[in-house]
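Engineer: I have a structure I would like to understand better, so I am pasting it below and will then ask my questions one at a time.
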Amino acid sequence: MNELPKAYNPNDVEDNIYKMWEEKGFFSAKPNPQKKPYSIVIPPPNITGILHMGHALNNTIQDILTRFKRMQGFEAEWMPGTDHAGIATQNVVEKKLAKEGIKRQEIGIEKFVAEVWKWREEYGSTIIRQLKRLGCSCDWQRTRFTMDEGLSDAVLEVFIKLYEKGLIYKGNYIINWCPRCQTALSDEESQHKDVEGMLYYIRYPIKGSRVDGRGAGKEGEGFIVVATTRPETMLGDVAVAVNPKDNRYKELKNKTLLLPILNRELKVVRDPLVDMKFGTGALKVTPAHDPVDFGLGLKYGLEQINVMNNDATINSIGGDYEGMDRFEAREAIVEDLKERGLLKKTKAHRHAVGHCYRCHTMIEPRLSPQWFVKMKPLAKPAVDVVKNGRIKFYPQRWTKVYLDWMDNIRDWCISRQIWWGHRIPVYYCQDCGEVIVSKARPEKCSKCGSAKIEQDPDVLDTWFSSWLWPFSTFGWPKSEPELKYFYPTDSLVTAQEIIFFWVARMIMAGMEFMGDIPFKDVYIHGTVRDMTGTKMSKSLGNIIDPLDMIKKYGADALRFSIISITAQGQDVFLSESKFELGRNFANKLWNASRFILINLKEGISVDLCVFFKDTDLTLPQRWILSRFYSTLAYVQECIDEYKFNEAANAIYEFVWHEFCDWYIEIAKSTISEKTTQVMLYKILEKSLRMLHPFMPFITEEIWRKLPRSKDSKCDSIMVQPWPHIQQNMISKDAENAMKRLIDVITSIRNIRAVWNIELKREISAVINIHEKKDEKFLNDNSDFIKKLSKVAELKIGAKIPKPKNSAVSVVGRLELYIPLEGLIDFEKERMRLQKEEDRLNSEIKAIAGRLKDKDFVLKAPEDVVEKQRMRKTELELQMKKLRKNLKDIG
RNA sequence: GGGCACUUAGCUCAGUUGGUUAGAGCGUUGCGCUCACAUCGCAGAGGUCAGAGGUUCAACUCCUCUAGUGCCCACCA
């Protein structure tokens with residue numbers, strides 16, 4: 001017999017097991033007409049990343065789904081990969097080179113990109129190794145990278161298709177500019193954060209009016225006051241806007257203002273967009289540095305004056321301020337305004353400001369020529385498929401978030417001024433200016449024949465490749481059998497912060513390029529936070545490293561724990577101690593399995609149905625079978641509804657508190673019988689299969705030690721079928737009956753504990769029945785009642801008088817007596833209880849003054865047995881009332 | 001400014017379409033090294049389910065409002 005070692009050390013076996021799975025090719029899937037496909041695509045982690053708890057949760061969920069479906073007989077494909085994370089990776093490599101004293105500008109684009117590839121070779125697969133350590137059963141042979149040849153081709157294909165359809169255009173608009181990364185960002189990449197800022201009230205003189213320059217003159221006559229949070233942008237002001245309904249500025253019609261310091265002439269425009277309640281109701285208009293102003297500029301034909309360089313220093317427009325950083329310039333300008341008496345006041349002002357999602361630098365809204373995707377036409381079909389339920393969100397509430405965003409969708413800025421990424425497939429003829437959009441570099445201009453052709457220097461947003469992931473990874477635009485077989489995929493599992501970046505765009509791309517949805521279900525899981533509710537992040541240093549936890553508790557424990565405590569879509573608060581839950585469970589399972597294996601004899605791997613066809617089952621046997629199949633059905637249902645915690649907890653409850661605590665204990669008395677052994681073996685083996693998607697390693701380790709039938713095709717649990725639900729084995733009657741027995745046993749144990757009767761001392765018990773059918777029921781099961789409650793003699797019958805000095809317990813419609821004569825020193829017990837009563841009463845006396853009922857006294861009966869019973873019930877109830885009474889008074 | 005979630009035992013959280021004594025883990029109390037397991041076993045204590053009102057035979061569960069907490073979105077300079 002294969003015995004299990006006394007202790008389970010996950011770290012000893014997990015790696016080897018994983019290697020075995022991988023070598024046997026269990027992870028790979030391919031089009032198979034005999035089977036139904038099930039496919040998931042991994043949200044591609046970026047290559048600069050390391051595995052954090054969010055990933056651990058996300059990938060555990062996907063692995064549970066994949067393993068579950070694989071066992072259910074689906075051709076289960078879990079496509080892994082990474083994305084090139086343009087900005088993040090470029091930053092990382094830039095920093096690395098900086099340490100070596102190299103600037104990217106010095107070595108040029110080609111060498112730099114080569115450096116990035118080198119870096120990627122070295123570090124880019126870290127996260128993949130970590131996913132393997134977690135036990136993820138991804139189809140690694142298909143691992144994709146967004147910069148792969150195939151995926152790159154898909155990107156170009158899509159760009160050209162959209163361009164030809166008129167959905168991609170180049171234009172000069174206000175975009176989010178990160179001065180540190182020196183690139184444009186999409187709206188989603190600009191994260192709003194509240195900032196404690198200042199509102200500066202600045203006097204703008206009216207041209208031709210008498211102002212002495214020190215602020216004299218009446219407001220509205222000599223000058224008007226505008227409020228701004230970014231005074232440095234005034235260098236680019238071309239107008240001041242007021243609301244046409246604003247009576248304060250009636251006389252301003254046809255007047256011209258003068259920009260302080262630069263003395264540029266400013267128009268006054270009237271537009272209802274201006275909020276009269278904000279600031280002074282007068283808005284300085286800077287079309288090149290603010291989206292609202294930009295709109296006004298177009299509307300009123302205003303000049304667009306860009307005052308900043310790429311690094312947010314002031315350019316030559318700024319005169320004396322040229323070369324200053326934007327914040328330096330802000331201070332300098334404010335000082336100068338103060339000096340000239342043009343700063344009326346400042347006010348603290350809290351407002352939301354965009355920050356770069358990669359480097360957290362404050363975004364500078366800025367006019368810039370960029371490439372955009374027109375989103376409205378793409379959004380429509382993507383809205384329809386969610387509205388009509390072809391794509392479902394779990395939990396459902398995300399549907400609204402998605403639809404709201406889609407309704408207000410704005411064009412997507414896809415060009416980035418960085419080097420690492422897919423180069424925009426647009427070429428410009430240097431001679432005639434012709435724009436050529438083409439996958440390959442054209443030899444010569446199609447219009448004038450010139451060979452002087454330059455490619456657009458920008459690269460595409462990383463998400464412009466990620467949004468194609470569900471089909472580009474299966475070979476699109478080529479029509480591969482994989483694509484046909486596995487697309488649309490089944491489930492997408494991801495975090496909420498990525499709904500707009502990725503989920504929404506994948507749906508749009510799927511509809512546009514495949515003409516079909518990319519996936520059917522979107523499961524949005526919660527965010528992993530620390531115990532204070534803060535999101536775990538490396539920069540905050542509140543990270544619990546999953547790999548540390550794996551080392552300490554094992555991958556199974558990590559997986560099971562995090563799944564068990566994460567309710568559907570709910571954020572999870574994590575501390576290290578939570579992993580003990582999974583570890584303890586693994587330990588329990590291990591020991592129970594050890595016990596069963598030690599006791600098994602040869603030849604028990606008989607088919608359960610065949611074996612029990614002509615065998616009468618005892619109640620506990622029928623009960624444990626019923627409980628197993630009930631649990632199995634429930635677990636299946638929960639996984640299908642993405643309620644993984646409930647599935648995990650149901651298994652935990654079954655294995656630990658039903659199988660181990662009760663069935664195995666019951667089985668011990670008949671452990672040498674074949675029936676018992678078959679039961680233990682079968683329940684264990686099936687439980688392992690049920691648990692495998694959650695705890696793949698330990699279930700494999702135990703399973704491979706089980707005696708198996710000879711025709712077992714393969715020696716791994718992961719390719720075994722999911723247990724078949726045997727409806728006929730589920731019996732509510734058996735479950736209820738067993739519950740009654742458990743209650744009887746618990747009651748007897750309770751009495752023992754209350755009276756402090758050691759287990760070694762024999763007790764007898766009497767059960768008084770009121771209904772005839774109970775007699776047979778109890779007699780049939782009296783053996784294991786006696787065994788489990790350690791009762792030597794059990795008397796069952798109707799109308800048995802209560803023995804003198806008996807402890808009493810009512811269990812449903814049964815009465816239970818435990819005679820205490822000879823077991824208890826009543827005198828001693830009486831004194832002990834009297835002491836306790838006195839103690840309670842003196843406690844009452846101490847607080848009597850504050851009581852409503854000042855003469856309140858606890859009274860216990862004289863009879864010791866009665867008193868003991870009361871101690872448990874009424875006495876404590878009275879104390880409880882008393883305490884509440886006190887609480888009410890204060 | 002808009003939207004979404006949360007408020008249940010000392011702590012962290014579950015609670016399946018409203019239905020008899022509201023659950024778990026940790027912690028806590030008492031007992032126990034019973035031949036799988038002290039990463040354990042047995043028994044117990046502990047909750048007017050944030051507050052107010054409403055619908056219903058019945059509400060932790062549905063509706064309205066209030067308070068607190070958290071998150072997301074947003075061109076009030």
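Just remember, in the structure tokens the first chain shown is A, the second B, etc., residues are 1-based per chain, and ligands are 1-based in the order shown.
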Extract, using only C-alpha atoms (C1' of nucleotides), all DNA, RNA and protein residues at most 12 Å from G47 of chain B, discarding same-chain residues fewer than 2 positions from it, and format them as a VMD selection string.
Structural biologist: chain B and resid 8 to 10 22 to 23 49 60
Engineer: Please, could you write that set of residues out with C-alpha atoms (C1' of nucleotides) as a CSV table (one decimal), in the first residue's frame?
Structural biologist:
```
chain,number,residue,atom,x,y,z
B,8,U,C1',-24.6,41.4,10.3
B,9,A,C1',-20.9,38.1,16.8
B,10,G,C1',-14.6,41.1,19.9
B,22,A,C1',-29.1,34.4,11.4
B,23,G,C1',-23.7,31.2,9.6
B,49,C,C1',-28.6,42.0,11.2
B,60,C,C1',-31.0,40.6,7.4
```
Engineer: Using only C-alpha atoms (C1' of nucleotides), select each residue of chain A with any atom at most 8 Å away from an atom of chain B, and give the selection as number ranges by chain.
Structural biologist: A: 227-229, 275, 278, 283-284, 290-292, 397, 401, 565, 567, 573, 580-581, 583-584, 587-588, 591-596, 749-750, 753-754, 756
Engineer: Which of segment 225-366 of chain A end up as strand (DSSP E or B) when DSSP is run on this backbone - answer as a PyMOL selection string?
Structural biologist: chain A and resi 225-228+239-242+257-258+265-270+282-285+308+313-314+325+343-356+362+364-366
Engineer: Which is closer to U61 of chain B than all the others in B:G27, B:G18, B:A38, B:G46, using only C-alpha atoms (C1' of nucleotides)?
Structural biologist: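 Once distances to U61 of chain B are computed over only C-alpha atoms (C1' of nucleotides), the minimum belongs to B:G18.
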Engineer: Which one of A:Leu342, A:Leu257, A:Ile671, A:Val226 sits closest to Lys207 of chain A if you count only C-alpha atoms?
Structural biologist: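 For Lys207 of chain A, the nearest of the given residues is A:Leu257.
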Engineer: Set the distance at 12 Å and use only C-alpha atoms (C1' of nucleotides): which residues neighbour Pro31 of chain A once local chain neighbours fewer than 3 positions away are removed? I'd like the list as a ChimeraX atom specification.
Structural biologist: /A:28,34-39,74-77,474,480-487
Engineer: For the selection you just gave me, I'd like the residues written to a file as an mmCIF file, in the first residue's frame, keeping C-alpha atoms.
Structural biologist:
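The result, written out as selection.cif:
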```cif
data_model
loop_
_atom_site.group_PDB
_atom_site.id
_atom_site.type_symbol
_atom_site.label_atom_id
_atom_site.label_comp_id
_atom_site.auth_asym_id
_atom_site.auth_seq_id
_atom_site.Cartn_x
_atom_site.Cartn_y
_atom_site.Cartn_z
ATOM 1 C CA SER A 28 -2.480 22.198 -24.399
ATOM 2 C CA GLN A 34 -15.339 15.349 -30.597
ATOM 3 C CA LYS A 35 -15.396 17.905 -27.817
ATOM 4 C CA LYS A 36 -16.937 21.218 -27.059
ATOM 5 C CA PRO A 37 -14.466 24.057 -26.763
ATOM 6 C CA TYR A 38 -13.990 26.129 -23.677
ATOM 7 C CA SER A 39 -11.575 28.998 -23.878
ATOM 8 C CA PHE A 74 -14.435 20.374 -22.625
ATOM 9 C CA GLU A 75 -11.448 21.055 -24.831
ATOM 10 C CA ALA A 76 -10.199 23.700 -22.450
ATOM 11 C CA GLU A 77 -7.870 26.314 -23.797
ATOM 12 C CA PHE A 474 -5.595 32.709 -32.456
ATOM 13 C CA GLU A 480 -6.713 29.480 -38.531
ATOM 14 C CA PRO A 481 -8.732 26.471 -37.372
ATOM 15 C CA GLU A 482 -8.017 27.550 -33.787
ATOM 16 C CA LEU A 483 -9.729 30.849 -34.368
ATOM 17 C CA LYS A 484 -12.776 29.151 -35.760
ATOM 18 C CA TYR A 485 -12.914 26.602 -32.985
ATOM 19 C CA PHE A 486 -12.165 28.700 -29.923
ATOM 20 C CA TYR A 487 -13.671 32.071 -30.859
#
```
Engineer: Could you pull out the residues in segment 587-734 of chain A that DSSP calls alpha helix (DSSP H) from the backbone, as a PyMOL selection string?
Structural biologist: chain A and resi 587-599+608-612+619-640+644-652+665-667+674-691+696-703+732-734
Engineer: Which of these residues is nearest to A50 of chain B, using only C-alpha atoms (C1' of nucleotides): B:U66, B:C33, B:U21, B:C11?
Structural biologist: B:U66
Engineer: Taking 5 positions as the minimum chain separation for residues in the same chain, which residues sit within 9 Å of segment 642-645 of chain A when counting only C-alpha atoms (C1' of nucleotides)? Answer as an mmCIF file with N, CA, C and O atoms (P, O5', C5', C4', C3', O3' and C1' of nucleotides), in the first residue's frame.
Structural biologist:
```
data_model
loop_
_atom_site.group_PDB
_atom_site.id
_atom_site.type_symbol
_atom_site.label_atom_id
_atom_site.label_comp_id
_atom_site.auth_asym_id
_atom_site.auth_seq_id
_atom_site.Cartn_x
_atom_site.Cartn_y
_atom_site.Cartn_z
ATOM 1 N N ILE A 61 -8.721 32.141 -10.145
ATOM 2 C CA ILE A 61 -10.086 32.023 -10.654
ATOM 3 C C ILE A 61 -10.082 31.396 -12.054
ATOM 4 O O ILE A 61 -10.832 30.463 -12.337
ATOM 5 N N ILE A 64 -9.246 27.750 -11.894
ATOM 6 C CA ILE A 64 -10.372 26.953 -11.408
ATOM 7 C C ILE A 64 -11.332 26.683 -12.567
ATOM 8 O O ILE A 64 -11.743 25.545 -12.799
ATOM 9 N N LEU A 65 -11.656 27.729 -13.301
ATOM 10 C CA LEU A 65 -12.569 27.569 -14.431
ATOM 11 C C LEU A 65 -11.994 26.593 -15.453
ATOM 12 O O LEU A 65 -12.692 25.686 -15.929
ATOM 13 N N TYR A 394 -20.710 39.723 -14.634
ATOM 14 C CA TYR A 394 -20.885 39.190 -13.276
ATOM 15 C C TYR A 394 -19.943 39.950 -12.358
ATOM 16 O O TYR A 394 -18.748 39.967 -12.655
ATOM 17 N N PRO A 395 -20.372 40.577 -11.290
ATOM 18 C CA PRO A 395 -21.756 40.830 -10.927
ATOM 19 C C PRO A 395 -22.402 41.782 -11.925
ATOM 20 O O PRO A 395 -21.736 42.578 -12.559
ATOM 21 N N TYR A 523 -16.403 38.254 -15.905
ATOM 22 C CA TYR A 523 -16.450 38.217 -14.453
ATOM 23 C C TYR A 523 -15.471 39.246 -13.897
ATOM 24 O O TYR A 523 -14.269 39.182 -14.157
ATOM 25 N N PHE A 560 -6.562 28.448 -2.180
ATOM 26 C CA PHE A 560 -7.804 28.158 -1.481
ATOM 27 C C PHE A 560 -8.198 29.300 -0.555
ATOM 28 O O PHE A 560 -9.361 29.702 -0.504
ATOM 29 N N ILE A 562 -7.442 32.538 -0.644
ATOM 30 C CA ILE A 562 -7.877 33.788 -1.274
ATOM 31 C C ILE A 562 -9.229 33.617 -1.959
ATOM 32 O O ILE A 562 -10.053 34.519 -1.957
ATOM 33 N N ILE A 563 -9.472 32.427 -2.477
ATOM 34 C CA ILE A 563 -10.769 32.172 -3.093
ATOM 35 C C ILE A 563 -11.858 32.118 -2.022
ATOM 36 O O ILE A 563 -12.937 32.669 -2.175
ATOM 37 N N SER A 564 -11.520 31.477 -0.934
ATOM 38 C CA SER A 564 -12.501 31.276 0.116
ATOM 39 C C SER A 564 -12.982 32.589 0.736
ATOM 40 O O SER A 564 -14.126 32.722 1.134
ATOM 41 N N ILE A 565 -12.096 33.579 0.812
ATOM 42 C CA ILE A 565 -12.484 34.823 1.476
ATOM 43 C C ILE A 565 -12.945 35.913 0.510
ATOM 44 O O ILE A 565 -13.262 37.007 0.928
ATOM 45 N N THR A 566 -12.983 35.597 -0.785
ATOM 46 C CA THR A 566 -13.386 36.617 -1.746
ATOM 47 C C THR A 566 -14.792 36.347 -2.260
ATOM 48 O O THR A 566 -14.997 35.468 -3.080
ATOM 49 N N ALA A 567 -15.751 37.118 -1.765
ATOM 50 C CA ALA A 567 -17.124 36.967 -2.251
ATOM 51 C C ALA A 567 -17.211 37.563 -3.641
ATOM 52 O O ALA A 567 -16.412 38.412 -4.015
ATOM 53 N N GLN A 568 -18.193 37.112 -4.383
ATOM 54 C CA GLN A 568 -18.302 37.514 -5.789
ATOM 55 C C GLN A 568 -18.178 39.021 -5.972
ATOM 56 O O GLN A 568 -18.991 39.796 -5.477
ATOM 57 N N GLY A 569 -17.128 39.426 -6.680
ATOM 58 C CA GLY A 569 -16.985 40.822 -7.053
ATOM 59 C C GLY A 569 -16.710 41.776 -5.913
ATOM 60 O O GLY A 569 -16.662 42.975 -6.093
ATOM 61 N N VAL A 635 -21.528 22.857 -5.698
ATOM 62 C CA VAL A 635 -20.238 23.387 -6.142
ATOM 63 C C VAL A 635 -20.281 23.691 -7.638
ATOM 64 O O VAL A 635 -19.855 24.754 -8.099
ATOM 65 N N GLU A 637 -22.856 24.341 -9.458
ATOM 66 C CA GLU A 637 -23.733 25.480 -9.677
ATOM 67 C C GLU A 637 -22.984 26.787 -9.357
ATOM 68 O O GLU A 637 -23.067 27.766 -10.103
ATOM 69 N N ALA A 650 -18.186 25.358 0.541
ATOM 70 C CA ALA A 650 -19.026 24.167 0.588
ATOM 71 C C ALA A 650 -18.147 22.910 0.645
ATOM 72 O O ALA A 650 -18.439 21.966 1.378
ATOM 73 P P A B 14 -18.365 39.953 2.311
ATOM 74 O "O5'" A B 14 -18.716 38.406 2.276
ATOM 75 C "C5'" A B 14 -19.934 37.957 2.794
ATOM 76 C "C4'" A B 14 -20.015 36.477 2.640
ATOM 77 C "C3'" A B 14 -21.398 35.990 2.260
ATOM 78 O "O3'" A B 14 -21.549 35.934 0.865
ATOM 79 C "C1'" A B 14 -20.702 34.896 4.221
#
```
Engineer: Pick the closest to Ile498 of chain A from A:Phe513, A:Trp420, A:Tyr428, A:Tyr402: which is it, counting only C-alpha atoms?
Structural biologist: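 The closest residue to Ile498 of chain A is A:Tyr402.
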Engineer: Show me, as a list of chain:residue names, the residues that have an atom within 12 Å of Leu547 of chain A when counting only C-alpha atoms (C1' of nucleotides), minus same-chain residues fewer than 4 positions from it.
Structural biologist: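 So, after excluding close chain neighbours, the residues are A:Asn11, A:Ile50, A:Leu51, A:His52, A:Met53, A:His55, A:Ala56, A:Thr126, A:Ile127, A:Arg129, A:Gln130, A:Leu131, A:Lys132, A:Arg133, A:Leu134, A:Gly135, A:Ile543, A:Lys551, A:Lys552, A:Tyr553, A:Gly554, A:Ala555, A:Ala557, A:Leu558, A:Arg559.
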Engineer: Kindly export the residues of the current selection with N, CA and C atoms, as a compact mmCIF listing (two decimals), in the first residue's frame.
Structural biologist:
```txt
# COMPACT_ATOMS: atom_id res chain seq x y z
N ASN A 11 6.17 22.47 -0.68
CA ASN A 11 7.32 22.86 -1.48
C ASN A 11 8.12 21.67 -2.02
N ILE A 50 5.51 42.00 -11.82
CA ILE A 50 5.73 40.76 -11.10
C ILE A 50 4.39 40.39 -10.50
N LEU A 51 4.28 39.13 -10.14
CA LEU A 51 3.00 38.63 -9.65
C LEU A 51 2.63 39.30 -8.34
N HIS A 52 1.48 39.96 -8.30
CA HIS A 52 0.99 40.47 -7.04
C HIS A 52 -0.30 39.76 -6.68
N MET A 53 -0.84 40.07 -5.52
CA MET A 53 -2.01 39.34 -5.03
C MET A 53 -3.20 39.44 -5.99
N HIS A 55 -3.06 39.52 -9.20
CA HIS A 55 -2.82 38.48 -10.21
C HIS A 55 -3.13 37.10 -9.65
N ALA A 56 -2.70 36.89 -8.42
CA ALA A 56 -2.90 35.57 -7.81
C ALA A 56 -4.38 35.24 -7.76
N THR A 126 9.36 36.66 -16.23
CA THR A 126 9.27 36.45 -14.79
C THR A 126 7.86 36.08 -14.38
N ILE A 127 6.93 36.85 -14.85
CA ILE A 127 5.55 36.66 -14.42
C ILE A 127 5.02 35.30 -14.87
N ARG A 129 6.81 32.52 -15.13
CA ARG A 129 7.32 31.53 -14.18
C ARG A 129 6.50 31.54 -12.90
N GLN A 130 6.11 32.74 -12.51
CA GLN A 130 5.35 32.85 -11.27
C GLN A 130 3.94 32.26 -11.41
N LEU A 131 3.38 32.42 -12.57
CA LEU A 131 2.06 31.84 -12.80
C LEU A 131 2.13 30.31 -12.75
N LYS A 132 3.23 29.80 -13.25
CA LYS A 132 3.41 28.34 -13.20
C LYS A 132 3.51 27.88 -11.75
N ARG A 133 4.20 28.67 -10.97
CA ARG A 133 4.36 28.31 -9.56
C ARG A 133 3.01 28.28 -8.85
N LEU A 134 2.12 29.13 -9.31
CA LEU A 134 0.78 29.19 -8.73
C LEU A 134 -0.07 28.00 -9.15
N GLY A 135 0.38 27.32 -10.19
CA GLY A 135 -0.34 26.13 -10.64
C GLY A 135 -1.21 26.35 -11.86
N ILE A 543 2.47 45.50 0.34
CA ILE A 543 2.28 44.30 -0.46
C ILE A 543 2.51 43.03 0.36
N LYS A 551 5.77 30.03 -0.68
CA LYS A 551 6.90 29.39 -0.02
C LYS A 551 6.52 28.96 1.38
N LYS A 552 5.78 29.82 2.04
CA LYS A 552 5.47 29.58 3.44
C LYS A 552 4.30 28.62 3.64
N TYR A 553 3.28 28.76 2.81
CA TYR A 553 2.07 27.97 3.04
C TYR A 553 1.75 26.99 1.91
N GLY A 554 2.38 27.17 0.78
CA GLY A 554 2.06 26.32 -0.37
C GLY A 554 1.11 27.01 -1.32
N ALA A 555 1.21 26.67 -2.59
CA ALA A 555 0.37 27.31 -3.60
C ALA A 555 -1.10 26.96 -3.37
N ALA A 557 -2.62 26.37 -0.56
CA ALA A 557 -3.14 27.13 0.57
C ALA A 557 -3.41 28.57 0.15
N LEU A 558 -2.50 29.13 -0.63
CA LEU A 558 -2.70 30.49 -1.12
C LEU A 558 -3.98 30.56 -1.96
N ARG A 559 -4.08 29.64 -2.89
CA ARG A 559 -5.24 29.64 -3.79
C ARG A 559 -6.53 29.47 -3.01
```
Engineer: Which residue out of A:Val285, A:Ile168, A:Ile796, A:Ile624 has the minimum interatomic distance to Lys739 of chain A when only C-alpha atoms are used?
Structural biologist: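 Among the listed residues, A:Ile624 lies closest to Lys739 of chain A.
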